[in-house]
Amino acid sequence: MSNVLIAGCGYVGIALASLLSSDKHTVWGLRRKIDLLKGSITPISADLTNPQSLSQIPQGLDFVFYTAAADTQSDAAYRMAYIVGLSCLIQTLKFQDQCPKRIFFTSSTAVYSQTKGEWVDEGSPTNPNHFAGARLLEAESLVKGSVFPSTVVRFGGIYGPGRTRLITQARERGIQVSESNQCYTNRIHRDDCAGVLKHLMRLAEPDSLYLAVDGEPALDSDVARWLAGRLGIPVSSGVAAARVIRQGRSNKRCCNQKLLSSGYCFKYPTYREGLRALFAAR
């Protein structure tokens, strides 16, 4: 069994901690407010951007997961969460003479900026045109350049329990589809995020980069129509109708073949299975 630190233990981190704890790993969850860390997760109340508060990190760590998220959608918040926080953690691990087998950093498909529906994979160009992707790409370089073995996991749009805005807005305001301005969307369920990280931790020699999305990049209009059919509501093309499918800053189709080839089996292989599970829970 392994000693595991989940730094920035939030939406994905708590789900991962639950999986690892059930496998008898010893798990510490680090975050500023620890009220959500329950059960077998040992809480550490600390601020990743404050090196002094990181002195509570235990010795003898085998694996470290950096799953922090920015507080707000601003360049300053992204810099603090992904650059300053990650730098402080790496420096603390070095100062403590820790030797984790691997650090896993959760990044995002926001590092891609393709706009014509191109397929992208781990080898595709990354030229983000927005601060979110730029800061994440900077953080990827930071962890790859550290003294520790590392793996970056680029997640698509994360949804799951507690993140049902799409369904709620569809019920309340209807669905609009723009036939002339469609974009591909790439998703992954929260439980698969945790499953992917657990799977990669168990590999003897994981690669340095994986793209983690489900198996079906989908046009936003297709998701809208499926959702409308499930809810029994009409799809509108009028400008007055409320839109619940947000146009992304890019338009690409993310390929998960490398992850599948590593042996991971998705719990929710497409958005349909994932959304059905949310409906069932509601």
# chains A, B, ... in the order shown; residues from 1 in each chain; ligands from 1
$ residues_around --residues "A:Lys144" --least-positions-apart "5" --cutoff "12 Å" --atoms "only C-alpha atoms" --output "MDAnalysis selection string"
chainID A and resid 86:87 90 102:105 137:139 149:153 207:209
$ write_last_selection --atoms "C-alpha atoms" --output "CSV table (one decimal), in the first residue's frame"
chain,number,residue,atom,x,y,z
A,86,LEU,CA,2.7,24.1,-7.8
A,87,SER,CA,6.1,25.8,-7.3
A,90,ILE,CA,7.6,21.1,-5.4
A,102,ARG,CA,5.6,10.3,-9.3
A,103,ILE,CA,3.8,13.5,-9.3
A,104,PHE,CA,0.5,13.6,-11.2
A,105,PHE,CA,-0.6,17.1,-12.4
A,137,LEU,CA,0.8,24.9,-20.2
A,138,GLU,CA,3.2,26.9,-18.1
A,139,ALA,CA,2.4,24.6,-15.1
A,149,PRO,CA,9.1,11.9,-12.2
A,150,SER,CA,5.8,13.3,-13.4
A,151,THR,CA,2.7,12.7,-15.5
A,152,VAL,CA,0.4,15.3,-16.8
A,153,VAL,CA,-3.3,14.4,-17.4
A,207,ASP,CA,4.0,8.0,-19.8
A,208,SER,CA,4.5,11.7,-19.1
A,209,LEU,CA,1.3,12.9,-20.8
$ closest_atom_pairs --of "stretch 66-175 of chain A" --to "stretch 36-47 of chain A" --cutoff "12 Å" --atoms "only C-alpha atoms" --output "tab-separated table"
residue	atom	partner	partner_atom	distance
A:Ala68	CA	A:Asp47	CA	10.7
A:Met80	CA	A:Asp47	CA	10.7
A:Ala81	CA	A:Asp47	CA	10.0
A:Val84	CA	A:Asp47	CA	10.8
A:Gly85	CA	A:Asp47	CA	8.1
A:Leu86	CA	A:Asp47	CA	11.1
A:Cys88	CA	A:Asp47	CA	9.7
A:Leu89	CA	A:Asp47	CA	9.9
$ write_last_selection --atoms "C-alpha atoms" --output "PDB file, in the first residue's frame"
ATOM      1  CA  ALA A  68      -6.014  22.178  -7.402  1.00  0.00           C
ATOM      2  CA  MET A  80      -1.758  31.469  -8.077  1.00  0.00           C
ATOM      3  CA  ALA A  81      -3.379  28.025  -8.391  1.00  0.00           C
ATOM      4  CA  VAL A  84       2.652  29.653  -7.488  1.00  0.00           C
ATOM      5  CA  GLY A  85       0.932  26.754  -5.703  1.00  0.00           C
ATOM      6  CA  LEU A  86       2.672  24.073  -7.750  1.00  0.00           C
ATOM      7  CA  CYS A  88       5.620  25.966  -3.575  1.00  0.00           C
ATOM      8  CA  LEU A  89       4.683  22.303  -3.344  1.00  0.00           C
TER       9      LEU A  89
END
$ residues_around --residues "A:Ala69" --least-positions-apart "2" --cutoff "10 Å" --atoms "only C-alpha atoms" --output "PyMOL selection string"
chain A and resi 8-12+66-67+71-72+77-78+80-82+106-107
$ residues_around --residues "A:Cys99" --least-positions-apart "3" --cutoff "8 Å" --atoms "only C-alpha atoms" --output "list in words"
Gly60, Leu61, Asp62, Leu93 and Phe148 of chain A
$ residues_around --residues "A:Ser262" --least-positions-apart "3" --cutoff "12 Å" --atoms "only C-alpha atoms" --output "ChimeraX atom specification"
/A:196,199-207,209-212,256-259,265-266
$ select_by_dssp --residues "stretch 160-231 of chain A" --states "alpha helix (DSSP H)" --output "ChimeraX atom specification"
/A:165-173,190-202,220-231
$ select_by_dssp --residues "stretch 28-271 of chain A" --states "strand (DSSP E)" --output "VMD selection string"
chain A and resid 28 to 31 42 to 45 63 to 66 102 to 108 118 to 120 150 to 155 157 to 159 175 to 176 184 to 185 187 to 189 209 to 212 218 to 219 235 to 236 252 to 254
$ write_last_selection --atoms "C-alpha atoms" --output "mmCIF file, in the first residue's frame"
data_model
loop_
_atom_site.group_PDB
_atom_site.id
_atom_site.type_symbol
_atom_site.label_atom_id
_atom_site.label_comp_id
_atom_site.auth_asym_id
_atom_site.auth_seq_id
_atom_site.Cartn_x
_atom_site.Cartn_y
_atom_site.Cartn_z
ATOM 1 C CA TRP A 28 -3.854 12.826 2.909
ATOM 2 C CA GLY A 29 -6.052 15.553 1.449
ATOM 3 C CA LEU A 30 -4.636 19.070 1.458
ATOM 4 C CA ARG A 31 -6.862 22.125 1.057
ATOM 5 C CA THR A 42 -6.526 12.499 6.662
ATOM 6 C CA PRO A 43 -7.073 16.257 6.301
ATOM 7 C CA ILE A 44 -4.306 18.844 6.044
ATOM 8 C CA SER A 45 -5.447 22.444 6.355
ATOM 9 C CA PHE A 63 2.664 9.527 -4.878
ATOM 10 C CA VAL A 64 1.519 13.137 -5.107
ATOM 11 C CA PHE A 65 -1.515 14.340 -7.055
ATOM 12 C CA TYR A 66 -1.874 18.049 -7.797
ATOM 13 C CA ARG A 102 5.640 10.251 -9.321
ATOM 14 C CA ILE A 103 3.756 13.540 -9.278
ATOM 15 C CA PHE A 104 0.511 13.634 -11.240
ATOM 16 C CA PHE A 105 -0.637 17.054 -12.434
ATOM 17 C CA THR A 106 -4.213 17.546 -13.658
ATOM 18 C CA SER A 107 -4.256 19.927 -16.598
ATOM 19 C CA SER A 108 -6.904 20.659 -19.222
ATOM 20 C CA GLU A 118 -9.491 18.893 -35.922
ATOM 21 C CA TRP A 119 -8.614 15.735 -34.031
ATOM 22 C CA VAL A 120 -6.015 16.368 -31.339
ATOM 23 C CA SER A 150 5.797 13.317 -13.414
ATOM 24 C CA THR A 151 2.713 12.674 -15.487
ATOM 25 C CA VAL A 152 0.373 15.343 -16.845
ATOM 26 C CA VAL A 153 -3.269 14.442 -17.443
ATOM 27 C CA ARG A 154 -5.241 16.824 -19.663
ATOM 28 C CA PHE A 155 -8.925 16.507 -18.780
ATOM 29 C CA GLY A 157 -14.883 19.346 -19.553
ATOM 30 C CA ILE A 158 -15.584 17.732 -16.187
ATOM 31 C CA TYR A 159 -19.180 17.034 -15.167
ATOM 32 C CA ILE A 175 -32.632 24.720 -25.377
ATOM 33 C CA GLN A 176 -31.434 26.672 -28.387
ATOM 34 C CA TYR A 184 -17.310 20.048 -30.814
ATOM 35 C CA THR A 185 -17.297 19.522 -27.078
ATOM 36 C CA ARG A 187 -16.234 15.754 -21.725
ATOM 37 C CA ILE A 188 -15.322 13.370 -18.950
ATOM 38 C CA HIS A 189 -17.346 12.329 -15.909
ATOM 39 C CA LEU A 209 1.308 12.872 -20.824
ATOM 40 C CA TYR A 210 -2.244 11.588 -21.321
ATOM 41 C CA LEU A 211 -5.378 13.118 -22.801
ATOM 42 C CA ALA A 212 -8.388 12.143 -20.656
ATOM 43 C CA ALA A 218 -19.902 15.628 -29.683
ATOM 44 C CA LEU A 219 -21.315 18.642 -31.448
ATOM 45 C CA VAL A 235 -35.326 22.523 -29.356
ATOM 46 C CA SER A 236 -35.516 26.120 -30.547
ATOM 47 C CA LYS A 252 -11.536 20.347 -31.586
ATOM 48 C CA ARG A 253 -12.078 16.611 -31.163
ATOM 49 C CA CYS A 254 -9.916 15.059 -28.463
#
$ closest_residue --among "A:Ala7, A:Leu278, A:Ala70, A:Cys183" --to "A:Thr115" --atoms "only C-alpha atoms"
A:Cys183
$ residues_around --residues "A:Ala15" --least-positions-apart "2" --cutoff "8 Å" --atoms "only C-alpha atoms" --output "ChimeraX atom specification"
/A:11-13,17-19,190-191,194
$ residues_around --residues "A:Gln96" --least-positions-apart "3" --cutoff "9 Å" --atoms "only C-alpha atoms" --output "PyMOL selection string"
chain A and resi 55+59+91-93
$ atom_distance --atom1 "atom CA of A:Tyr268" --atom2 "atom CA of A:Asn186"
13.0 Å
